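A.B. asks: I'm passing along work_26.cif; it holds mmCIF, C-alpha atoms and all ligand atoms.
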```
data_input
loop_
_atom_site.label_atom_id
_atom_site.label_comp_id
_atom_site.auth_asym_id
_atom_site.auth_seq_id
_atom_site.Cartn_x
_atom_site.Cartn_y
_atom_site.Cartn_z
CA MET M 1 -17.17 1.70 85.63
CA GLN M 2 -15.93 -1.62 84.27
CA ARG M 3 -16.96 -4.83 86.00
CA TYR M 4 -15.58 -8.20 84.92
CA LEU M 5 -18.05 -11.05 85.49
CA ASP M 6 -16.82 -13.61 82.98
CA TYR M 7 -14.33 -15.70 84.97
CA ASN M 8 -15.42 -18.96 83.35
CA ALA M 9 -14.20 -17.57 80.02
CA THR M 10 -10.88 -16.47 81.45
CA CYS M 11 -9.49 -14.66 84.49
CA PRO M 12 -7.48 -11.52 85.03
CA PRO M 13 -3.89 -12.56 85.78
CA LEU M 14 -2.67 -13.18 89.29
CA GLU M 15 0.30 -11.07 90.30
CA ALA M 16 2.19 -14.18 91.46
CA ALA M 17 1.67 -15.82 88.06
CA LEU M 18 2.93 -12.76 86.20
CA GLU M 19 6.01 -12.53 88.39
CA ALA M 20 6.79 -16.22 87.94
CA GLN M 21 6.48 -15.87 84.16
CA VAL M 22 8.81 -12.90 84.00
CA GLU M 23 11.34 -14.53 86.28
CA ALA M 24 11.35 -17.78 84.30
CA ALA M 25 11.54 -15.93 80.98
CA GLN M 26 14.52 -13.90 82.15
CA GLN M 27 16.40 -16.47 84.19
CA ALA M 28 15.40 -19.88 82.87
CA TYR M 29 15.67 -19.11 79.18
CA GLY M 30 17.58 -22.24 78.22
CA ASN M 31 15.97 -25.10 76.34
CA PRO M 32 15.03 -27.61 79.05
CA SER M 33 16.30 -30.43 76.82
CA SER M 34 19.79 -28.87 76.55
CA LEU M 35 22.50 -30.47 78.64
CA HIS M 36 24.37 -27.29 79.62
CA TRP M 37 23.80 -25.05 82.66
CA ALA M 38 21.17 -22.91 80.92
CA GLY M 39 19.21 -26.01 79.96
CA ARG M 40 19.54 -27.34 83.50
CA ASN M 41 18.19 -24.07 84.91
CA ALA M 42 15.12 -24.33 82.72
CA ARG M 43 14.76 -28.03 83.50
CA ARG M 44 14.77 -27.23 87.21
CA VAL M 45 11.91 -24.73 86.83
CA LEU M 46 10.00 -27.27 84.76
CA ASP M 47 10.59 -30.08 87.27
CA ASP M 48 9.47 -27.87 90.17
CA ALA M 49 6.31 -26.93 88.28
CA ARG M 50 5.63 -30.57 87.49
CA ASP M 51 6.05 -31.53 91.14
CA ALA M 52 3.76 -28.72 92.26
CA LEU M 53 0.99 -29.60 89.83
CA ALA M 54 1.23 -33.32 90.58
CA ALA M 55 0.98 -32.63 94.32
CA HIS M 56 -2.01 -30.36 93.72
CA VAL M 57 -3.99 -33.10 91.95
CA GLY M 58 -2.83 -36.02 94.08
CA SER M 59 -0.70 -37.73 91.49
CA GLU M 60 2.99 -38.26 90.77
CA SER M 61 5.30 -35.96 88.80
CA GLY M 62 5.58 -38.39 85.90
CA SER M 63 1.84 -38.13 85.33
CA VAL M 64 1.99 -34.48 84.24
CA VAL M 65 2.09 -33.69 80.53
CA PHE M 66 2.22 -29.95 79.90
CA THR M 67 0.18 -28.81 76.91
CA SER M 68 -0.93 -25.61 75.20
CA GLY M 69 -4.16 -25.56 77.22
CA GLY M 70 -7.34 -27.45 77.99
CA THR M 71 -8.23 -27.95 74.34
CA GLU M 72 -4.99 -29.73 73.56
CA ALA M 73 -5.17 -31.76 76.77
CA ASN M 74 -8.64 -33.04 75.83
CA ASN M 75 -7.56 -33.83 72.28
CA LEU M 76 -4.45 -35.60 73.49
CA ALA M 77 -6.38 -37.76 75.94
CA ILE M 78 -9.14 -38.71 73.50
CA SER M 79 -7.25 -39.08 70.23
CA GLY M 80 -3.99 -40.13 71.85
CA TYR M 81 -5.55 -42.87 73.96
CA CYS M 82 -7.94 -44.18 71.31
CA ALA M 83 -5.04 -44.40 68.83
CA THR M 84 -3.61 -47.14 71.05
CA GLN M 85 -6.87 -49.11 71.20
CA LYS M 86 -8.90 -51.28 68.82
CA THR M 87 -11.82 -49.35 67.29
CA GLY M 88 -14.76 -49.56 69.69
CA HIS M 89 -17.26 -47.56 71.69
CA ILE M 90 -16.95 -44.23 73.51
CA ILE M 91 -19.35 -42.82 76.10
CA THR M 92 -19.45 -39.09 76.53
CA THR M 93 -22.12 -36.47 77.22
CA ALA M 94 -24.06 -34.02 75.09
CA ILE M 95 -22.93 -31.13 77.30
CA GLU M 96 -19.16 -31.41 76.93
CA HIS M 97 -17.02 -28.54 75.76
CA PRO M 98 -16.35 -28.56 71.99
CA ALA M 99 -12.76 -29.56 72.82
CA VAL M 100 -14.21 -32.96 73.77
CA LEU M 101 -17.16 -33.11 71.36
CA GLN M 102 -15.02 -32.44 68.29
CA PRO M 103 -12.26 -35.04 68.78
CA VAL M 104 -14.95 -37.60 69.66
CA ALA M 105 -16.87 -36.69 66.47
CA ARG M 106 -13.67 -37.23 64.45
CA LEU M 107 -13.27 -40.69 65.92
CA GLU M 108 -16.90 -41.40 65.06
CA GLU M 109 -16.18 -40.47 61.44
CA ALA M 110 -13.29 -42.92 61.57
CA GLY M 111 -15.59 -45.79 62.62
CA TRP M 112 -15.88 -45.52 66.40
CA GLN M 113 -19.35 -45.78 67.94
CA VAL M 114 -20.38 -43.02 70.31
CA THR M 115 -23.05 -42.70 73.01
CA ARG M 116 -23.72 -39.11 74.05
CA LEU M 117 -25.59 -39.07 77.34
CA ARG M 118 -28.11 -36.35 77.97
CA PRO M 119 -28.35 -34.62 81.35
CA SER M 120 -31.44 -34.26 83.49
CA ARG M 121 -33.33 -30.95 83.31
CA SER M 122 -31.11 -29.68 86.08
CA GLY M 123 -28.01 -30.36 83.97
CA ALA M 124 -26.62 -33.37 85.84
CA ILE M 125 -25.46 -36.57 84.17
CA SER M 126 -26.52 -39.76 85.92
CA ALA M 127 -23.92 -42.38 86.83
CA ASP M 128 -26.67 -44.99 86.28
CA ASP M 129 -27.00 -43.80 82.69
CA VAL M 130 -23.26 -44.33 82.25
CA LEU M 131 -23.65 -47.84 83.68
CA ASP M 132 -26.53 -48.61 81.29
CA ALA M 133 -24.54 -47.36 78.32
CA LEU M 134 -21.44 -49.48 79.01
CA ARG M 135 -20.71 -52.19 76.44
CA ASP M 136 -18.14 -54.93 76.11
CA ASP M 137 -16.29 -52.82 73.56
CA THR M 138 -16.46 -49.52 75.50
CA ARG M 139 -12.90 -48.20 75.46
CA LEU M 140 -13.30 -44.71 76.91
CA VAL M 141 -15.71 -42.71 79.05
CA ALA M 142 -15.27 -38.92 78.91
CA VAL M 143 -17.29 -36.74 81.31
CA MET M 144 -16.53 -33.18 82.39
CA ALA M 145 -16.20 -32.43 86.11
CA ALA M 146 -18.33 -29.30 85.88
CA ASN M 147 -20.02 -27.58 82.98
CA ASN M 148 -18.55 -24.31 81.78
CA GLU M 149 -21.95 -22.74 81.03
CA THR M 150 -24.17 -23.81 83.93
CA GLY M 151 -21.50 -24.74 86.48
CA VAL M 152 -23.35 -28.01 87.18
CA VAL M 153 -21.01 -30.52 88.86
CA GLN M 154 -21.09 -34.12 87.64
CA PRO M 155 -20.82 -37.34 89.73
CA ILE M 156 -17.24 -37.96 88.70
CA ALA M 157 -16.15 -40.23 91.56
CA LYS M 158 -19.14 -42.53 90.98
CA ILE M 159 -18.47 -42.76 87.26
CA GLY M 160 -14.76 -43.27 87.96
CA ALA M 161 -15.55 -46.23 90.22
CA LEU M 162 -17.75 -47.81 87.54
CA CYS M 163 -15.01 -47.48 84.95
CA ARG M 164 -12.19 -48.69 87.19
CA GLU M 165 -14.13 -51.84 88.14
CA ARG M 166 -14.40 -52.68 84.46
CA ASP M 167 -10.96 -51.48 83.45
CA ILE M 168 -12.35 -48.86 81.07
CA ALA M 169 -10.38 -45.64 80.60
CA PHE M 170 -11.99 -42.60 82.22
CA MET M 171 -11.19 -39.08 81.14
CA VAL M 172 -12.29 -35.97 83.03
CA ASP M 173 -12.24 -32.46 81.63
CA ALA M 174 -11.63 -30.60 84.90
CA VAL M 175 -10.90 -27.21 83.36
CA GLN M 176 -13.84 -25.58 85.13
CA VAL M 177 -13.21 -27.20 88.49
CA LEU M 178 -9.58 -26.31 89.11
CA GLY M 179 -9.59 -23.64 91.83
CA LYS M 180 -13.29 -24.20 92.54
CA ALA M 181 -13.26 -27.69 94.08
CA LYS M 182 -10.78 -30.48 94.74
CA VAL M 183 -9.29 -32.13 91.67
CA SER M 184 -7.96 -35.59 92.48
CA LEU M 185 -6.78 -38.36 90.19
CA ARG M 186 -7.06 -40.79 93.08
CA ASP M 187 -10.47 -39.80 94.50
CA TRP M 188 -12.01 -39.67 91.05
CA GLN M 189 -10.33 -42.92 89.92
CA ALA M 190 -9.63 -41.09 86.70
CA ASP M 191 -7.08 -42.07 84.07
CA PHE M 192 -6.83 -38.70 82.35
CA ILE M 193 -7.56 -35.20 83.69
CA SER M 194 -7.43 -32.05 81.56
CA LEU M 195 -6.52 -28.69 83.08
CA SER M 196 -6.03 -25.14 81.87
CA ALA M 197 -3.97 -22.34 83.44
CA HIS M 198 -6.01 -19.34 82.42
CA LYS M 199 -9.11 -20.35 84.36
CA ILE M 200 -7.22 -19.81 87.63
CA GLY M 201 -5.31 -16.61 86.90
CA GLY M 202 -2.42 -18.19 85.02
CA PRO M 203 -1.49 -17.50 81.40
CA ARG M 204 -3.61 -18.42 78.37
CA GLY M 205 -2.20 -21.10 76.09
CA VAL M 206 -0.90 -23.31 78.90
CA GLY M 207 -2.46 -26.41 80.41
CA ALA M 208 -1.80 -30.00 81.33
CA LEU M 209 -3.02 -33.51 80.88
CA ILE M 210 -2.64 -35.68 83.97
CA VAL M 211 -2.08 -39.28 82.88
CA ARG M 212 -2.36 -42.12 85.34
CA ARG M 213 0.71 -44.34 85.43
CA GLY M 214 0.50 -47.21 82.96
CA MET M 215 -2.05 -45.60 80.62
CA SER M 216 -1.07 -45.82 76.99
CA LEU M 217 -1.01 -42.59 75.00
CA GLN M 218 0.17 -41.79 71.50
CA GLU M 219 1.29 -38.23 70.91
CA ILE M 220 -0.86 -36.34 68.42
CA ALA M 221 1.82 -34.06 67.00
CA PRO M 222 4.98 -36.15 66.71
CA GLY M 223 8.32 -34.41 67.07
CA GLY M 224 11.23 -34.26 69.45
CA GLY M 225 9.73 -36.55 72.08
CA GLN M 226 9.46 -34.10 74.98
CA GLU M 227 7.18 -34.81 77.95
CA ARG M 228 8.27 -38.48 77.88
CA LYS M 229 7.25 -38.85 74.26
CA ARG M 230 3.69 -37.85 75.04
CA ARG M 231 3.78 -34.24 73.80
CA SER M 232 6.52 -33.05 71.54
CA GLY M 233 7.70 -29.46 71.34
CA THR M 234 9.97 -27.29 73.47
CA GLU M 235 8.12 -26.66 76.71
CA ASN M 236 6.75 -23.19 77.43
CA VAL M 237 8.76 -22.82 80.62
CA PRO M 238 7.61 -19.28 81.56
CA GLY M 239 3.97 -20.18 80.89
CA ILE M 240 4.26 -23.37 82.90
CA ALA M 241 5.92 -21.51 85.79
CA GLY M 242 3.03 -19.01 85.65
CA PHE M 243 0.50 -21.85 85.66
CA THR M 244 1.77 -23.52 88.80
CA ALA M 245 2.38 -20.18 90.56
CA ALA M 246 -1.36 -19.57 90.12
CA LEU M 247 -2.37 -22.83 91.82
CA GLY M 248 -4.39 -22.11 94.93
CA GLY M 249 -4.12 -18.37 94.34
CA MET M 250 -7.69 -17.66 93.35
CA ASN M 251 -10.38 -18.42 95.83
CA PHE M 252 -13.70 -19.14 94.17
CA THR M 253 -15.14 -21.22 96.97
CA SER M 254 -16.39 -18.26 98.97
CA LEU M 255 -18.37 -16.88 96.03
CA SER M 256 -21.48 -19.03 96.35
CA ARG M 257 -23.06 -16.50 98.70
CA MET M 258 -22.60 -13.69 96.16
CA ARG M 259 -23.97 -15.90 93.39
CA ASP M 260 -26.96 -17.00 95.48
CA ASP M 261 -27.73 -13.43 96.59
CA PHE M 262 -27.52 -12.34 92.96
CA GLU M 263 -30.00 -15.01 91.88
CA THR M 264 -32.37 -14.19 94.75
CA ALA M 265 -32.33 -10.48 93.88
CA LEU M 266 -32.72 -11.17 90.16
CA THR M 267 -35.71 -13.46 90.69
CA ALA M 268 -37.28 -10.96 93.09
CA GLN M 269 -37.00 -8.28 90.42
CA MET M 270 -38.06 -10.42 87.46
CA ARG M 271 -40.35 -13.22 88.48
CA ASP M 272 -40.18 -14.97 85.11
CA VAL M 273 -36.39 -15.46 85.12
CA VAL M 274 -35.35 -19.09 84.67
CA ILE M 275 -32.12 -20.11 86.39
CA PHE M 276 -30.49 -23.15 84.83
CA GLY M 277 -29.14 -25.87 87.09
CA GLN M 278 -30.39 -24.14 90.21
CA GLY M 279 -31.46 -27.38 91.85
CA ALA M 280 -28.17 -29.13 91.17
CA GLU M 281 -24.75 -28.86 92.76
CA ARG M 282 -22.89 -26.11 90.93
CA THR M 283 -19.48 -24.48 90.96
CA PRO M 284 -19.75 -21.60 93.43
CA ASN M 285 -19.28 -18.73 90.99
CA THR M 286 -21.55 -19.58 88.08
CA SER M 287 -25.07 -18.44 87.26
CA MET M 288 -26.77 -19.06 83.95
CA PHE M 289 -30.26 -17.78 83.40
CA CYS M 290 -32.69 -16.58 80.78
CA ILE M 291 -34.93 -13.56 80.77
CA PRO M 292 -37.84 -14.63 78.58
CA GLY M 293 -38.54 -12.45 75.58
CA LEU M 294 -35.13 -10.79 75.52
CA ASP M 295 -32.32 -11.80 73.20
CA GLY M 296 -29.18 -12.85 75.08
CA GLU M 297 -26.82 -11.26 72.60
CA THR M 298 -28.68 -7.94 72.76
CA LEU M 299 -28.57 -8.06 76.54
CA LEU M 300 -24.88 -8.81 76.46
CA MET M 301 -24.20 -5.81 74.22
CA GLN M 302 -26.34 -3.51 76.34
CA LEU M 303 -24.54 -4.70 79.47
CA ASP M 304 -21.21 -4.17 77.72
CA LEU M 305 -22.16 -0.55 77.04
CA ALA M 306 -22.80 -0.17 80.76
CA GLY M 307 -19.38 -1.68 81.60
CA PHE M 308 -20.41 -5.24 82.51
CA ALA M 309 -18.51 -8.14 80.91
CA VAL M 310 -20.71 -11.28 80.92
CA ALA M 311 -21.29 -14.13 78.45
CA SER M 312 -24.33 -15.13 76.45
CA GLY M 313 -25.52 -18.67 75.99
CA SER M 314 -24.97 -18.71 72.27
CA ALA M 315 -21.77 -19.60 70.55
CA CYS M 316 -20.68 -18.04 67.33
CA SER M 317 -19.65 -20.72 64.90
CA SER M 318 -18.77 -19.91 61.30
CA GLY M 319 -20.47 -16.56 61.54
CA LYS M 320 -23.79 -18.10 62.59
CA ARG M 321 -25.13 -17.76 66.10
CA GLU M 322 -26.00 -21.12 67.56
CA PRO M 323 -28.03 -21.46 70.76
CA SER M 324 -26.19 -23.23 73.57
CA HIS M 325 -25.99 -27.00 72.99
CA VAL M 326 -25.80 -27.40 76.75
CA LEU M 327 -29.14 -25.70 77.44
CA LEU M 328 -30.83 -27.50 74.55
CA ALA M 329 -29.58 -30.85 75.90
CA MET M 330 -31.08 -29.89 79.29
CA GLY M 331 -34.46 -29.49 77.61
CA ALA M 332 -34.52 -25.69 77.28
CA SER M 333 -36.37 -24.33 74.25
CA GLN M 334 -34.50 -22.65 71.39
CA GLU M 335 -35.98 -19.37 72.55
CA GLN M 336 -34.83 -19.86 76.14
CA ALA M 337 -31.38 -20.84 74.94
CA ARG M 338 -31.19 -17.73 72.79
CA SER M 339 -32.21 -15.45 75.64
CA SER M 340 -29.71 -16.79 78.14
CA LEU M 341 -26.80 -15.10 79.87
CA ARG M 342 -23.95 -16.48 81.95
CA VAL M 343 -22.49 -14.57 84.85
CA SER M 344 -19.36 -16.07 86.38
CA PHE M 345 -18.03 -14.27 89.42
CA GLY M 346 -14.43 -14.15 90.55
CA PRO M 347 -12.46 -13.04 93.57
CA SER M 348 -12.25 -9.44 92.33
CA ASN M 349 -16.04 -9.07 92.43
CA THR M 350 -17.99 -7.56 95.29
CA GLU M 351 -21.64 -7.75 96.36
CA GLN M 352 -21.91 -4.28 94.80
CA ASP M 353 -21.09 -5.69 91.37
CA ALA M 354 -23.87 -8.23 91.78
CA THR M 355 -26.38 -5.62 92.96
CA ALA M 356 -25.42 -3.22 90.18
CA LEU M 357 -25.86 -5.99 87.61
CA VAL M 358 -29.37 -6.79 88.82
CA ALA M 359 -30.30 -3.09 88.65
CA GLU M 360 -28.80 -2.72 85.16
CA LEU M 361 -30.64 -5.79 83.89
CA GLY M 362 -33.87 -4.26 85.16
CA ARG M 363 -33.17 -0.96 83.37
CA ILE M 364 -32.24 -2.70 80.13
CA ARG M 365 -35.35 -4.83 80.19
CA GLN M 366 -37.53 -1.80 80.70
CA ARG M 367 -35.79 0.08 77.89
CA LEU M 368 -35.99 -2.83 75.43
CA ARG M 369 -39.64 -3.39 76.27
CA SER M 370 -40.59 0.22 75.75
CA MET M 371 -38.66 0.26 72.46
CA ALA M 372 -40.53 -2.86 71.36
CA GLY M 373 -43.81 -1.24 72.43
CA ALA M 374 -43.01 1.93 70.48
CA ALA M 375 -42.15 0.02 67.32
C1 LIG M 401 -14.81 -27.18 80.21
C2 LIG M 401 -13.73 -26.64 79.33
N1 LIG M 401 -12.91 -27.48 78.69
C3 LIG M 401 -11.93 -27.04 77.90
C4 LIG M 401 -11.72 -25.69 77.69
C5 LIG M 401 -10.62 -25.24 76.79
O1 LIG M 401 -9.51 -24.76 77.51
P1 LIG M 401 -8.44 -23.81 76.80
O2 LIG M 401 -9.08 -22.49 76.61
O3 LIG M 401 -7.28 -23.78 77.76
O4 LIG M 401 -8.06 -24.47 75.52
C6 LIG M 401 -12.56 -24.77 78.33
C7 LIG M 401 -12.39 -23.32 78.10
O5 LIG M 401 -13.36 -22.58 78.06
C8 LIG M 401 -13.59 -25.25 79.19
O6 LIG M 401 -14.41 -24.42 79.83
#
```
For this file, produce the structure as structure tokens.
Ligand SMILES: Cc1ncc(COP(=O)(O)O)c(C=O)c1O
C.D. replies:
Amino acid sequence: MQRYLDYNATCPPLEAALEAQVEAAQQAYGNPSSLHWAGRNARRVLDDARDALAAHVGSESGSVVFTSGGTEANNLAISGYCATQKTGHIITTAIEHPAVLQPVARLEEAGWQVTRLRPSRSGAISADDVLDALRDDTRLVAVMAANNETGVVQPIAKIGALCRERDIAFMVDAVQVLGKAKVSLRDWQADFISLSAHKIGGPRGVGALIVRRGMSLQEIAPGGGQERKRRSGTENVPGIAGFTAALGGMNFTSLSRMRDDFETALTAQMRDVVIFGQGAERTPNTSMFCIPGLDGETLLMQLDLAGFAVASGSACSSGKREPSHVLLAMGASQEQARSSLRVSFGPSNTEQDATALVAELGRIRQRLRSMAGAA
């Protein structure tokens, strides 16, 4: 039996999103920039999607810039905003997604100064640490709304207030929060918010950057000037229609009970399990833990053989397995980081999936231990 428990990586598609994509692809096939009826049809679908997304995040239609996903939205906000500013200082965190860490590192190579805040052991960034790090030449603060690995939620509204008071741009990667908690440009006092469709049952390769009115932004791939000269390229109308059709369609909020029951059962079975971020506020579907002495990648492969799709805490970069930078920043040891697994539940999961996973982990541990003993 196959069980999908990797919703933070991506989600199975929602029926409504698939239908909207097919309909837009068949009926709104014009280029939305064309002036004829076919172009107008496509433009209408695009405008409706823009209105729907803006309403969902408490902003205005003009704030929505459709992109090819969360990665591009983050790059556009960071590189596109900083390109309009004098070289200065950026505050971000050590636990951001690479789609934030990498564009910030590029700016650092180009002469910007960067402060990367570390989280507490529970994985939370402190708003006071942001305050302490602010400088006269701080141009941008970039903090994710919730971490993709641990699910730990960050104090975004507090940080937003600090930045707004000082007129410093604030960017929030909210890719892991859409569908799991409220995303609000206004409540967060954010200037830029990055979103991705495939984390809520929409298509991969589609996302958006929400840009507060008046914020300057230079496009990063110049071209035909679409999206009000903020993101050139013919818009992916079917993908965008699929994105907004998925809004509100996946309910993650009721999953905290399943996640908590899973963690209780897992700890009861293996007393030495360490659950990361357990004491902090987390997105309701996410559990990251380590089983000491067992390699996360081996566990993942054994679980895969038994039909479970989960993630490990190590990322494969240039053929080399790197332990999770998030766990290391939280103070986990290299060994703990290498033996970690992430389970992220979704609406298709049942309590049975969680119970079966605990039982399978127990069997695998026993098997690996007896193999190690026999060797
Ligand atoms: C926190 C976070 N930011 C950005 C991204 C990148 O989004 P996309 O896959 O749409 O490029 C992801 C995807 O895993 C993510 O979890």
A.B. asks: In Å to one decimal, how far is CA of Arg135 (chain M) from CA of Gln113 (chain M)?
C.D. replies: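 Those two atoms sit 10.7 Å apart.
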A.B. asks: Within 9 Å of Val141 (chain M), counting only C-alpha atoms, which residues show up once you throw out same-chain ones fewer than 2 positions away? Write them as a list in words, please.
C.D. replies: His89, Ile90, Ile91, Thr92, Val130, Leu134, Thr138, Arg139, Val143, Ile159, Gly160, Cys163, Ile168, Ala169, Phe170, Met171 and Val172 of chain M
A.B. asks: Can I get the selection written as a PDB file, in the frame of the given file, with C-alpha atoms?
C.D. replies:
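New file part.pdb:
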```pdb
ATOM      1  CA  HIS M  89     -17.260 -47.560  71.690  1.00  0.00           C
ATOM      2  CA  ILE M  90     -16.950 -44.230  73.510  1.00  0.00           C
ATOM      3  CA  ILE M  91     -19.350 -42.820  76.100  1.00  0.00           C
ATOM      4  CA  THR M  92     -19.450 -39.090  76.530  1.00  0.00           C
ATOM      5  CA  VAL M 130     -23.260 -44.330  82.250  1.00  0.00           C
ATOM      6  CA  LEU M 134     -21.440 -49.480  79.010  1.00  0.00           C
ATOM      7  CA  THR M 138     -16.460 -49.520  75.500  1.00  0.00           C
ATOM      8  CA  ARG M 139     -12.900 -48.200  75.460  1.00  0.00           C
ATOM      9  CA  VAL M 143     -17.290 -36.740  81.310  1.00  0.00           C
ATOM     10  CA  ILE M 159     -18.470 -42.760  87.260  1.00  0.00           C
ATOM     11  CA  GLY M 160     -14.760 -43.270  87.960  1.00  0.00           C
ATOM     12  CA  CYS M 163     -15.010 -47.480  84.950  1.00  0.00           C
ATOM     13  CA  ILE M 168     -12.350 -48.860  81.070  1.00  0.00           C
ATOM     14  CA  ALA M 169     -10.380 -45.640  80.600  1.00  0.00           C
ATOM     15  CA  PHE M 170     -11.990 -42.600  82.220  1.00  0.00           C
ATOM     16  CA  MET M 171     -11.190 -39.080  81.140  1.00  0.00           C
ATOM     17  CA  VAL M 172     -12.290 -35.970  83.030  1.00  0.00           C
TER      18      VAL M 172
END
```
A.B. asks: Please, which residues have at least one atom within 9 Å of an atom of ligand LIG 401 (chain M), using only C-alpha atoms and all ligand atoms, listed as JSON, numbers by chain?
C.D. replies: {"M": [8, 9, 10, 68, 69, 70, 71, 72, 73, 74, 96, 97, 98, 99, 100, 144, 145, 146, 147, 148, 149, 173, 174, 175, 176, 177, 194, 195, 196, 197, 198, 199, 204, 205, 206, 207]}
A.B. asks: Restricting the calculation to all atoms listed in the file, which member of M:Gly111, M:Gly362, M:Ala332, M:Leu300 is positioned closest to Leu5 (chain M)?
C.D. replies: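 Once distances to Leu5 (chain M) are computed over all atoms listed in the file, the minimum belongs to M:Leu300.
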A.B. asks: Quote the spacing between CA of Asn285 (chain M) and CA of Ala55 (chain M) in Å to one decimal place.
C.D. replies: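 These two atoms are separated by 24.8 Å.
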A.B. asks: Record the distance separating CA of Gln278 (chain M) and CA of Ala133 (chain M), expressed in Å with one decimal.
C.D. replies: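 That distance, rounded to one decimal, is 26.7 Å.
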A.B. asks: For each of M:Gly62, M:Pro119, M:Gly88, M:Gly224, take the minimum atom-to-atom distance to Ala329 (chain M), counting only C-alpha atoms, then give the residue where this is smallest.
C.D. replies: M:Pro119
A.B. asks: Contacts of Cys290 (chain M) at 6 Å or less, counting only C-alpha atoms, minus same-chain residues fewer than 4 places along, as a compact mmCIF listing (two decimals) with C-alpha atoms, in the coordinates of the input?
C.D. replies:
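Writing done, so here's out.txt:
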```txt
# COMPACT_ATOMS: atom_id res chain seq x y z
CA VAL M 273 -36.39 -15.46 85.12
CA VAL M 274 -35.35 -19.09 84.67
CA SER M 339 -32.21 -15.45 75.64
CA SER M 340 -29.71 -16.79 78.14
```
A.B. asks: Can you find the residues with an atom no farther than 8 Å from (-2.5, -35.0, 71.2), counting all atoms listed in the file, and report them as number ranges by chain?
C.D. replies: M: 72-80, 218-221, 230-231
